[in-house]
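What follows is the content of input.cif, which has mmCIF, C-alpha atoms:
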data_model
loop_
_atom_site.label_atom_id
_atom_site.label_comp_id
_atom_site.auth_asym_id
_atom_site.auth_seq_id
_atom_site.Cartn_x
_atom_site.Cartn_y
_atom_site.Cartn_z
CA MET M 1 256.87 111.25 127.09
CA GLU M 2 255.99 114.79 126.11
CA THR M 3 254.39 114.90 122.69
CA THR M 4 251.74 116.78 120.79
CA ALA M 5 250.13 113.50 119.73
CA PRO M 6 247.31 112.29 122.00
CA VAL M 7 248.39 109.91 124.75
CA LEU M 8 246.04 107.04 125.59
CA LEU M 9 246.14 104.58 128.47
CA ILE M 10 244.10 101.41 128.04
CA ALA M 11 243.60 99.84 131.47
CA GLY M 12 242.75 96.22 130.85
CA CYS M 13 244.21 96.01 127.35
CA GLY M 14 242.80 92.71 126.15
CA ASP M 15 241.50 91.65 122.77
CA VAL M 16 239.25 94.64 122.03
CA GLY M 17 241.65 97.09 123.66
CA SER M 18 244.55 95.79 121.60
CA ARG M 19 242.56 96.24 118.39
CA LEU M 20 241.66 99.85 119.15
CA GLY M 21 245.19 100.53 120.40
CA GLU M 22 246.63 99.32 117.11
CA ARG M 23 244.25 101.57 115.16
CA LEU M 24 245.12 104.68 117.15
CA ALA M 25 248.85 103.94 117.17
CA ALA M 26 248.68 103.72 113.38
CA ALA M 27 247.01 107.15 113.44
CA GLY M 28 249.93 108.60 115.39
CA TRP M 29 248.64 108.30 118.96
CA HIS M 30 250.90 107.14 121.78
CA VAL M 31 249.15 104.15 123.33
CA HIS M 32 250.00 102.49 126.65
CA GLY M 33 248.45 99.11 127.36
CA LEU M 34 248.12 98.01 131.00
CA ARG M 35 247.66 94.30 131.62
CA ARG M 36 249.19 91.45 133.59
CA ARG M 37 250.75 89.65 130.62
CA VAL M 38 252.20 92.33 128.39
CA ALA M 39 253.86 89.82 126.04
CA ALA M 40 250.43 89.45 124.41
CA LEU M 41 250.31 93.12 123.41
CA PRO M 42 250.85 94.20 119.79
CA ALA M 43 254.24 95.74 119.11
CA THR M 44 252.73 99.18 118.47
CA ILE M 45 251.32 99.43 122.02
CA LEU M 46 253.68 100.51 124.80
CA PRO M 47 253.57 97.79 127.48
CA LEU M 48 252.68 98.57 131.08
CA CYS M 49 252.72 95.48 133.30
CA GLY M 50 250.32 95.76 136.19
CA ASP M 51 247.39 94.29 138.07
CA LEU M 52 244.20 96.34 138.25
CA GLU M 53 243.17 94.47 141.39
CA SER M 54 246.32 95.52 143.26
CA THR M 55 246.67 98.80 145.12
CA GLN M 56 250.31 99.04 144.01
CA CYS M 57 250.88 101.40 141.13
CA PRO M 58 252.61 99.62 138.24
CA ALA M 59 256.32 100.24 137.89
CA GLY M 60 257.01 102.25 134.78
CA TRP M 61 253.80 104.27 135.02
CA PRO M 62 253.93 106.72 132.09
CA PRO M 63 255.21 110.16 133.06
CA GLY M 64 253.81 113.35 131.67
CA ARG M 65 250.26 113.76 130.57
CA ILE M 66 247.65 111.13 129.80
CA ASP M 67 245.00 112.57 127.52
CA TYR M 68 242.59 109.64 127.44
CA LEU M 69 241.81 106.65 129.62
CA ILE M 70 239.87 103.59 128.53
CA TYR M 71 238.91 101.28 131.35
CA SER M 72 238.23 97.89 129.79
CA ALA M 73 238.69 95.31 132.53
CA ALA M 74 237.64 91.67 132.43
CA ALA M 75 236.74 89.84 135.61
CA SER M 76 239.06 86.91 136.35
CA ARG M 77 236.51 85.43 138.78
CA HIS M 78 232.88 85.18 137.77
CA ASP M 79 231.32 85.80 141.16
CA GLU M 80 230.30 89.04 142.84
CA PRO M 81 233.62 89.60 144.67
CA GLY M 82 235.45 88.95 141.39
CA TYR M 83 233.32 91.45 139.50
CA ARG M 84 233.68 94.04 142.23
CA ALA M 85 237.46 93.63 142.30
CA ALA M 86 237.74 94.02 138.52
CA TYR M 87 235.28 96.81 137.82
CA VAL M 88 234.83 98.88 140.98
CA GLN M 89 238.05 98.42 142.94
CA GLY M 90 240.16 98.29 139.80
CA LEU M 91 238.76 101.57 138.54
CA CYS M 92 239.36 103.12 141.96
CA HIS M 93 242.98 102.02 141.77
CA VAL M 94 243.56 103.54 138.33
CA LEU M 95 241.92 106.81 139.35
CA ASP M 96 244.18 106.89 142.43
CA TRP M 97 247.30 106.23 140.34
CA LEU M 98 246.37 109.07 138.01
CA ALA M 99 245.82 111.42 140.95
CA ARG M 100 249.17 110.49 142.48
CA HIS M 101 250.89 111.51 139.26
CA GLY M 102 248.89 114.70 138.82
CA GLN M 103 247.35 113.40 135.61
CA LYS M 104 243.86 114.37 134.54
CA PRO M 105 242.73 112.82 131.26
CA ARG M 106 240.49 114.79 128.92
CA ARG M 107 238.03 111.89 128.92
CA LEU M 108 237.47 108.51 130.48
CA LEU M 109 235.65 105.81 128.51
CA PHE M 110 234.34 103.06 130.77
CA VAL M 111 233.55 99.85 128.92
CA SER M 112 230.38 98.36 130.39
CA SER M 113 227.76 95.90 129.17
CA THR M 114 224.16 95.83 127.98
CA GLY M 115 223.76 93.32 130.81
CA VAL M 116 222.84 96.31 133.01
CA TYR M 117 219.36 96.09 131.47
CA GLY M 118 216.87 93.63 132.89
CA GLN M 119 214.11 93.75 130.29
CA GLN M 120 212.54 90.35 129.59
CA GLU M 121 209.90 90.79 126.88
CA GLY M 122 211.88 91.83 123.82
CA GLU M 123 211.45 95.54 124.53
CA TRP M 124 213.53 98.10 122.64
CA VAL M 125 215.98 99.80 124.97
CA ASP M 126 218.31 102.76 124.58
CA GLU M 127 220.60 104.81 126.80
CA ASN M 128 217.62 106.27 128.68
CA SER M 129 215.83 102.99 129.39
CA PRO M 130 215.54 101.74 132.99
CA THR M 131 218.49 99.71 134.23
CA GLU M 132 217.18 97.06 136.62
CA PRO M 133 219.43 94.02 136.24
CA SER M 134 218.44 90.84 138.02
CA GLY M 135 221.96 89.53 138.58
CA PHE M 136 225.00 90.69 140.51
CA SER M 137 227.06 91.30 137.37
CA GLY M 138 224.73 94.01 136.07
CA ARG M 139 224.42 95.60 139.50
CA VAL M 140 228.21 95.76 139.97
CA LEU M 141 228.68 97.23 136.49
CA LEU M 142 226.11 99.92 137.28
CA GLU M 143 228.03 100.76 140.45
CA ALA M 144 231.23 101.02 138.42
CA GLU M 145 229.49 103.20 135.82
CA ARG M 146 228.40 105.60 138.55
CA LEU M 147 231.97 105.68 139.86
CA ALA M 148 233.29 106.56 136.40
CA LEU M 149 230.68 109.25 135.78
CA GLY M 150 231.29 110.73 139.23
CA SER M 151 235.08 110.56 139.02
CA GLY M 152 235.55 114.25 138.33
CA LEU M 153 236.80 113.45 134.83
CA PRO M 154 234.70 114.00 131.71
CA ALA M 155 233.42 110.47 131.21
CA SER M 156 231.30 108.32 128.93
CA VAL M 157 230.04 104.80 129.49
CA VAL M 158 229.99 102.42 126.51
CA ARG M 159 227.65 99.48 127.04
CA LEU M 160 228.76 96.72 124.68
CA ALA M 161 226.50 93.85 123.70
CA GLY M 162 227.72 90.27 123.39
CA ILE M 163 231.02 90.33 121.52
CA TYR M 164 231.70 87.71 118.89
CA GLY M 165 234.47 87.22 116.35
CA PRO M 166 237.82 85.43 116.15
CA GLY M 167 238.41 83.56 119.39
CA ARG M 168 234.86 84.27 120.56
CA GLU M 169 232.99 81.38 118.99
CA TRP M 170 230.89 79.91 121.82
CA LEU M 171 227.66 79.96 119.84
CA LEU M 172 229.32 78.43 116.78
CA GLY M 173 230.57 75.58 118.92
CA GLN M 174 227.08 75.01 120.30
CA VAL M 175 225.58 74.94 116.80
CA ARG M 176 228.24 72.58 115.44
CA ARG M 177 227.36 70.14 118.22
CA GLY M 178 223.72 70.23 117.13
CA GLY M 179 222.56 72.67 119.79
CA ARG M 180 218.99 73.84 119.49
CA ILE M 181 216.72 76.44 121.07
CA ALA M 182 212.97 76.86 121.20
CA ALA M 183 211.41 79.52 118.98
CA THR M 184 208.82 80.48 121.56
CA PRO M 185 208.98 82.56 123.51
CA PRO M 186 211.56 84.36 121.35
CA LEU M 187 214.77 85.26 123.14
CA TYR M 188 216.07 88.48 121.62
CA GLY M 189 219.81 88.91 121.76
CA ASN M 190 222.19 91.73 120.95
CA ARG M 191 225.68 91.41 119.60
CA ILE M 192 228.61 93.32 118.19
CA HIS M 193 231.57 92.01 116.22
CA ARG M 194 234.89 92.38 117.99
CA ASP M 195 236.19 94.70 115.28
CA ASP M 196 233.12 96.93 115.55
CA ALA M 197 233.50 97.11 119.34
CA ALA M 198 237.07 98.34 118.86
CA GLY M 199 235.90 100.60 116.04
CA LEU M 200 233.24 102.28 118.16
CA LEU M 201 235.70 103.02 120.98
CA THR M 202 238.19 104.35 118.45
CA PHE M 203 235.50 106.49 116.83
CA LEU M 204 234.47 108.04 120.17
CA LEU M 205 238.04 108.89 121.16
CA GLU M 206 238.80 110.46 117.79
CA ALA M 207 235.55 112.43 117.93
CA ASP M 208 236.42 113.81 121.36
CA ALA M 209 239.92 114.70 120.16
CA ARG M 210 238.31 116.75 117.37
CA GLY M 211 236.21 118.60 119.93
CA VAL M 212 232.93 116.78 119.24
CA PRO M 213 230.76 116.79 122.40
CA LEU M 214 230.09 113.28 123.67
CA ALA M 215 227.12 112.02 125.65
CA ASP M 216 227.57 110.22 128.95
CA CYS M 217 226.44 106.85 127.57
CA TYR M 218 226.42 104.92 124.29
CA LEU M 219 225.19 101.45 123.38
CA GLY M 220 227.66 99.40 121.37
CA VAL M 221 225.50 97.04 119.32
CA ASP M 222 224.94 96.23 115.66
CA ASP M 223 221.89 97.35 113.68
CA ALA M 224 219.87 94.15 113.95
CA PRO M 225 218.91 92.56 117.27
CA ALA M 226 217.50 89.13 116.46
CA PRO M 227 215.84 86.18 118.19
CA LEU M 228 218.42 83.58 119.09
CA HIS M 229 216.49 80.80 117.34
CA GLU M 230 216.76 82.77 114.09
CA VAL M 231 220.52 83.16 114.47
CA VAL M 232 220.91 79.47 115.30
CA ALA M 233 218.81 78.42 112.28
CA TRP M 234 220.88 80.61 109.96
CA LEU M 235 224.15 79.22 111.35
CA ARG M 236 222.90 75.64 111.04
CA GLY M 237 222.11 76.27 107.39
CA TRP M 238 225.49 77.89 106.71
CA LEU M 239 227.36 75.08 108.48
CA GLY M 240 225.20 72.30 107.05
CA VAL M 241 224.21 71.02 110.49
CA THR M 242 221.16 68.75 110.21
CA GLY M 243 221.16 66.68 113.38
CA GLU M 244 220.30 67.77 116.90
CA GLY M 245 222.50 67.38 119.92
CA PRO M 246 221.30 66.06 123.25
CA GLU M 247 221.20 69.45 124.90
CA SER M 248 219.63 72.77 124.09
CA ILE M 249 221.60 75.99 123.98
CA GLY M 250 221.44 77.70 127.34
CA ARG M 251 219.08 80.65 127.50
CA ARG M 252 220.60 83.73 129.06
CA ALA M 253 218.58 85.93 131.33
CA GLY M 254 216.73 88.78 129.68
CA SER M 255 215.30 89.43 126.25
CA LYS M 256 215.65 92.91 124.80
CA ARG M 257 216.48 94.79 121.62
CA CYS M 258 219.17 97.43 122.03
CA SER M 259 219.28 100.48 119.78
CA ASN M 260 222.52 101.97 118.47
CA ALA M 261 220.76 105.12 117.22
CA ARG M 262 222.76 107.47 119.45
CA ALA M 263 226.14 106.23 118.23
CA ARG M 264 224.93 106.22 114.63
CA ALA M 265 223.65 109.80 114.99
CA LEU M 266 227.20 110.78 115.92
CA GLY M 267 228.43 109.23 112.66
CA TRP M 268 229.52 105.73 113.68
CA VAL M 269 228.69 102.98 111.19
CA PRO M 270 229.27 99.31 112.07
CA ARG M 271 231.26 97.32 109.55
CA TYR M 272 229.06 94.31 110.31
CA PRO M 273 225.47 95.60 110.60
CA GLY M 274 223.98 92.23 111.53
CA TYR M 275 224.83 88.69 112.52
CA ARG M 276 224.74 87.44 108.91
CA GLU M 277 227.52 89.78 107.78
CA GLY M 278 229.59 89.22 110.92
CA TYR M 279 229.35 85.45 111.03
CA ALA M 280 229.81 85.15 107.25
CA ALA M 281 233.10 87.06 107.56
CA LEU M 282 234.15 84.91 110.50
CA LEU M 283 233.30 81.64 108.78
CA ASP M 284 234.95 82.69 105.52
CA THR M 285 238.24 83.32 107.34
CA PRO M 286 240.69 80.42 106.79
#
For the structure just supplied, provide its representation as C-alpha cells.
Amino acid sequence: METTAPVLLIAGCGDVGSRLGERLAAAGWHVHGLRRRVAALPATILPLCGDLESTQCPAGWPPGRIDYLIYSAAASRHDEPGYRAAYVQGLCHVLDWLARHGQKPRRLLFVSSTGVYGQQEGEWVDENSPTEPSGFSGRVLLEAERLALGSGLPASVVRLAGIYGPGREWLLGQVRRGGRIAATPPLYGNRIHRDDAAGLLTFLLEADARGVPLADCYLGVDDAPAPLHEVVAWLRGWLGVTGEGPESIGRRAGSKRCSNARARALGWVPRYPGYREGYAALLDTP
C-alpha cells in the first residue's frame, strides 16, 4: 500500500499494541498488527497473521514501505528458552523478513522491561544506571535490546515498568483475598497504567515522525514509585478490606525507583501520574 501517511507494523500486537495502533490509526496512520490470533485485533488495525517464533514469513506481508516497527512480543513460555524464542529469535525473524522485502523502517521501538535492572535497595535508576539483572528474563531482554540497537536501523528501547489496568488486576485480586506484605524492608515497585504505556509509545512515534531526535532508551513509568506495602494499604482502604488472608503477597526480586525524567523532558505526560489515580480510575469503571 503506497501512501503518504506513515505505515506502522506492530510485531506482537497485544493489548498495549492494540491501544497504540487504534490511536495512530485514528490519526491517519496505516497500522498493521502481527499476531497469532488476529480476530482479537481492533477493526482499525490491518491484520497480519503470523508467529514471531517461526522462521516462515507471514503470508500477506505488507508490500511497499514500512516506516516504523514496534517489537512488542510476549513470551508464551516463562522459562529461558521461551524468553529467548520470543524476544531474541523473534526479533531476528522480523528483521530478516524486512530485509527480504527490501524494507528499512525509519525507526524501531523495542519494548523491553525495567526488569533489566537488578538494584535491591530502593535506589533511583534511570536510562544510564547499571543493568545487572539477577534472573534469566532480564538477561535475555538485555540481549534482545542489544540486537535491536545493533540492527542497523535507528532504534530506541522502551523499558516499561509493571503494567496494570483493565485485565491486569493481579494485585487487586491479592488484596481482595486479604493479601498482606511487610513494611520493612520496603519493597519499591514501579508501574505504568496500560493506557499510559500505549500513550508513551504513541508519543515517541509521533515525535520521530515530526523529526524530533530520540534517545536510544526511555523508561516507561509513572511519576511516583512507591513501596508495595503503601500501595496495598491504600487499596485495602479503597476496597474496604479489613481481614487478612492466610498468605502474604509474593515479593518480587529487586527494589528500585525508576525515573521517567527523560520521557517527560521530551514532552510526555502520563495520564495517571501515580497508583492512586490509576487504580481509582480502574476501580471506578463499571
Shortest contact to Gly115 of chain M, candidates M:His229, M:His78, M:Arg159, M:Arg210, atoms counted all atoms listed in the file, goes to M:Arg159
Shortest interatomic distance to Ser76 of chain M - which of M:Gly12, M:Leu20, M:Pro130, M:Ile45, counting all atoms listed in the file: M:Gly12
Name the residues in contact with segment 219-221 of chain M at a cut-off of 6 Å, using only C-alpha atoms, excluding same-chain residues fewer than 2 positions from it; report them as a list in words. Val158, Arg159, Leu160, Ala161, Arg191, Ile192 and Asn260 of chain M
Selected residues written out with C-alpha atoms, as an mmCIF file, in the frame of the given file:
data_model
loop_
_atom_site.group_PDB
_atom_site.id
_atom_site.type_symbol
_atom_site.label_atom_id
_atom_site.label_comp_id
_atom_site.auth_asym_id
_atom_site.auth_seq_id
_atom_site.Cartn_x
_atom_site.Cartn_y
_atom_site.Cartn_z
ATOM 1 C CA VAL M 158 229.990 102.420 126.510
ATOM 2 C CA ARG M 159 227.650 99.480 127.040
ATOM 3 C CA LEU M 160 228.760 96.720 124.680
ATOM 4 C CA ALA M 161 226.500 93.850 123.700
ATOM 5 C CA ARG M 191 225.680 91.410 119.600
ATOM 6 C CA ILE M 192 228.610 93.320 118.190
ATOM 7 C CA ASN M 260 222.520 101.970 118.470
#
Expressed in Å to a single decimal, how great is the separation between atom CA of Pro133 of chain M and atom CA of Leu187 of chain M? 16.4 Å
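Applying the 12 Å criterion to (207.3, 92.2, 127.4) in file coordinates and using only C-alpha atoms, one obtains the residues Gly118, Gln119, Gln120, Glu121, Gly122, Glu123, Trp124, Val125, Pro185, Pro186, Leu187, Tyr188, Gly254, Ser255, Lys256 and Arg257 of chain M.
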Counting all atoms listed in the file, which residues of segment 159-258 of chain M fall within 9 Å of segment 90-109 of chain M, and what is the closest atom pair for each with its distance in Å at one decimal, ordered by chain and rising number, as CSV?
residue,atom,partner,partner_atom,distance
M:Leu201,CA,M:Leu109,CA,8.0
M:Leu204,CA,M:Leu109,CA,8.7
M:Leu205,CA,M:Arg107,CA,8.3
M:Asp208,CA,M:Arg107,CA,8.0
M:Ala209,CA,M:Arg106,CA,8.8
I would like the residues chosen by the PyMOL selection byres ((chain M and resi 267) around 12) on the shown file; could you give them as an mmCIF file with C-alpha atoms, in the coordinates of the input?
data_model
loop_
_atom_site.group_PDB
_atom_site.id
_atom_site.type_symbol
_atom_site.label_atom_id
_atom_site.label_comp_id
_atom_site.auth_asym_id
_atom_site.auth_seq_id
_atom_site.Cartn_x
_atom_site.Cartn_y
_atom_site.Cartn_z
ATOM 1 C CA GLY M 199 235.900 100.600 116.040
ATOM 2 C CA LEU M 200 233.240 102.280 118.160
ATOM 3 C CA PHE M 203 235.500 106.490 116.830
ATOM 4 C CA LEU M 204 234.470 108.040 120.170
ATOM 5 C CA GLU M 206 238.800 110.460 117.790
ATOM 6 C CA ALA M 207 235.550 112.430 117.930
ATOM 7 C CA VAL M 212 232.930 116.780 119.240
ATOM 8 C CA LEU M 214 230.090 113.280 123.670
ATOM 9 C CA ASN M 260 222.520 101.970 118.470
ATOM 10 C CA ALA M 261 220.760 105.120 117.220
ATOM 11 C CA ARG M 262 222.760 107.470 119.450
ATOM 12 C CA ALA M 263 226.140 106.230 118.230
ATOM 13 C CA ARG M 264 224.930 106.220 114.630
ATOM 14 C CA ALA M 265 223.650 109.800 114.990
ATOM 15 C CA LEU M 266 227.200 110.780 115.920
ATOM 16 C CA TRP M 268 229.520 105.730 113.680
ATOM 17 C CA VAL M 269 228.690 102.980 111.190
ATOM 18 C CA PRO M 270 229.270 99.310 112.070
#
Which residues would end up in the selection if the PyMOL selection byres ((chain M and resi 5) around 10) were applied here, given that I need the answer as a count of residues only? 12
Could you rebuild segment 50-61 of chain M with all heavy atoms and give it back as a PDB file, in the frame of the given file?
ATOM      1  N   GLY M  50     250.933  95.428 134.919  1.00  0.00           N
ATOM      2  CA  GLY M  50     250.320  95.760 136.190  1.00  0.00           C
ATOM      3  C   GLY M  50     249.054  94.974 136.418  1.00  0.00           C
ATOM      4  O   GLY M  50     248.515  94.343 135.508  1.00  0.00           O
ATOM      5  N   ASP M  51     248.582  95.021 137.650  1.00  0.00           N
ATOM      6  CA  ASP M  51     247.390  94.290 138.070  1.00  0.00           C
ATOM      7  C   ASP M  51     246.363  95.292 138.563  1.00  0.00           C
ATOM      8  O   ASP M  51     246.591  95.980 139.558  1.00  0.00           O
ATOM      9  CB  ASP M  51     247.767  93.303 139.177  1.00  0.00           C
ATOM     10  CG  ASP M  51     246.597  92.415 139.597  1.00  0.00           C
ATOM     11  OD1 ASP M  51     245.452  92.664 139.148  1.00  0.00           O
ATOM     12  OD2 ASP M  51     246.831  91.483 140.380  1.00  0.00           O
ATOM     13  N   LEU M  52     245.233  95.383 137.869  1.00  0.00           N
ATOM     14  CA  LEU M  52     244.200  96.340 138.250  1.00  0.00           C
ATOM     15  C   LEU M  52     243.635  96.066 139.633  1.00  0.00           C
ATOM     16  O   LEU M  52     243.081  96.968 140.275  1.00  0.00           O
ATOM     17  CB  LEU M  52     243.073  96.329 137.215  1.00  0.00           C
ATOM     18  CG  LEU M  52     243.438  96.811 135.818  1.00  0.00           C
ATOM     19  CD1 LEU M  52     242.288  96.574 134.852  1.00  0.00           C
ATOM     20  CD2 LEU M  52     243.822  98.280 135.839  1.00  0.00           C
ATOM     21  N   GLU M  53     243.748  94.821 140.088  1.00  0.00           N
ATOM     22  CA  GLU M  53     243.170  94.470 141.390  1.00  0.00           C
ATOM     23  C   GLU M  53     244.139  94.719 142.544  1.00  0.00           C
ATOM     24  O   GLU M  53     243.787  94.494 143.693  1.00  0.00           O
ATOM     25  CB  GLU M  53     242.717  93.013 141.362  1.00  0.00           C
ATOM     26  CG  GLU M  53     241.614  92.763 140.340  1.00  0.00           C
ATOM     27  CD  GLU M  53     241.114  91.334 140.327  1.00  0.00           C
ATOM     28  OE1 GLU M  53     241.357  90.608 141.319  1.00  0.00           O
ATOM     29  OE2 GLU M  53     240.464  90.940 139.344  1.00  0.00           O
ATOM     30  N   SER M  54     245.322  95.204 142.232  1.00  0.00           N
ATOM     31  CA  SER M  54     246.320  95.520 143.260  1.00  0.00           C
ATOM     32  C   SER M  54     246.314  97.015 143.541  1.00  0.00           C
ATOM     33  O   SER M  54     246.109  97.828 142.640  1.00  0.00           O
ATOM     34  CB  SER M  54     247.712  95.087 142.793  1.00  0.00           C
ATOM     35  OG  SER M  54     248.712  95.580 143.668  1.00  0.00           O
ATOM     36  N   THR M  55     246.573  97.377 144.774  1.00  0.00           N
ATOM     37  CA  THR M  55     246.670  98.800 145.120  1.00  0.00           C
ATOM     38  C   THR M  55     247.996  99.396 144.671  1.00  0.00           C
ATOM     39  O   THR M  55     248.131 100.621 144.608  1.00  0.00           O
ATOM     40  CB  THR M  55     246.518  99.006 146.627  1.00  0.00           C
ATOM     41  OG1 THR M  55     247.543  98.258 147.305  1.00  0.00           O
ATOM     42  CG2 THR M  55     245.148  98.548 147.108  1.00  0.00           C
ATOM     43  N   GLN M  56     248.966  98.557 144.358  1.00  0.00           N
ATOM     44  CA  GLN M  56     250.310  99.040 144.010  1.00  0.00           C
ATOM     45  C   GLN M  56     250.341  99.561 142.589  1.00  0.00           C
ATOM     46  O   GLN M  56     249.996  98.858 141.642  1.00  0.00           O
ATOM     47  CB  GLN M  56     251.330  97.908 144.170  1.00  0.00           C
ATOM     48  CG  GLN M  56     252.768  98.359 143.915  1.00  0.00           C
ATOM     49  CD  GLN M  56     253.769  97.277 144.267  1.00  0.00           C
ATOM     50  OE1 GLN M  56     253.400  96.231 144.767  1.00  0.00           O
ATOM     51  NE2 GLN M  56     255.043  97.549 144.002  1.00  0.00           N
ATOM     52  N   CYS M  57     250.770 100.785 142.452  1.00  0.00           N
ATOM     53  CA  CYS M  57     250.880 101.400 141.130  1.00  0.00           C
ATOM     54  C   CYS M  57     251.936 100.663 140.314  1.00  0.00           C
ATOM     55  O   CYS M  57     253.030 100.369 140.822  1.00  0.00           O
ATOM     56  CB  CYS M  57     251.255 102.864 141.266  1.00  0.00           C
ATOM     57  SG  CYS M  57     251.318 103.762 139.699  1.00  0.00           S
ATOM     58  N   PRO M  58     251.638 100.349 139.063  1.00  0.00           N
ATOM     59  CA  PRO M  58     252.610  99.620 138.240  1.00  0.00           C
ATOM     60  C   PRO M  58     253.915 100.381 138.101  1.00  0.00           C
ATOM     61  O   PRO M  58     253.931 101.604 137.925  1.00  0.00           O
ATOM     62  CB  PRO M  58     251.906  99.488 136.889  1.00  0.00           C
ATOM     63  CG  PRO M  58     250.450  99.620 137.192  1.00  0.00           C
ATOM     64  CD  PRO M  58     250.368 100.576 138.348  1.00  0.00           C
ATOM     65  N   ALA M  59     255.015  99.640 138.184  1.00  0.00           N
ATOM     66  CA  ALA M  59     256.320 100.240 137.890  1.00  0.00           C
ATOM     67  C   ALA M  59     256.331 100.659 136.426  1.00  0.00           C
ATOM     68  O   ALA M  59     255.755 100.003 135.573  1.00  0.00           O
ATOM     69  CB  ALA M  59     257.427  99.228 138.171  1.00  0.00           C
ATOM     70  N   GLY M  60     256.962 101.773 136.158  1.00  0.00           N
ATOM     71  CA  GLY M  60     257.010 102.250 134.780  1.00  0.00           C
ATOM     72  C   GLY M  60     255.759 102.995 134.361  1.00  0.00           C
ATOM     73  O   GLY M  60     255.501 103.147 133.161  1.00  0.00           O
ATOM     74  N   TRP M  61     254.985 103.455 135.353  1.00  0.00           N
ATOM     75  CA  TRP M  61     253.800 104.270 135.020  1.00  0.00           C
ATOM     76  C   TRP M  61     254.215 105.428 134.126  1.00  0.00           C
ATOM     77  O   TRP M  61     255.214 106.099 134.390  1.00  0.00           O
ATOM     78  CB  TRP M  61     253.159 104.797 136.298  1.00  0.00           C
ATOM     79  CG  TRP M  61     251.875 105.539 136.081  1.00  0.00           C
ATOM     80  CD1 TRP M  61     251.724 106.880 135.929  1.00  0.00           C
ATOM     81  CD2 TRP M  61     250.568 104.976 135.977  1.00  0.00           C
ATOM     82  NE1 TRP M  61     250.401 107.199 135.743  1.00  0.00           N
ATOM     83  CE2 TRP M  61     249.668 106.041 135.759  1.00  0.00           C
ATOM     84  CE3 TRP M  61     250.073 103.677 136.032  1.00  0.00           C
ATOM     85  CZ2 TRP M  61     248.290 105.843 135.615  1.00  0.00           C
ATOM     86  CZ3 TRP M  61     248.706 103.478 135.891  1.00  0.00           C
ATOM     87  CH2 TRP M  61     247.831 104.561 135.683  1.00  0.00           C
TER      88      TRP M  61
END
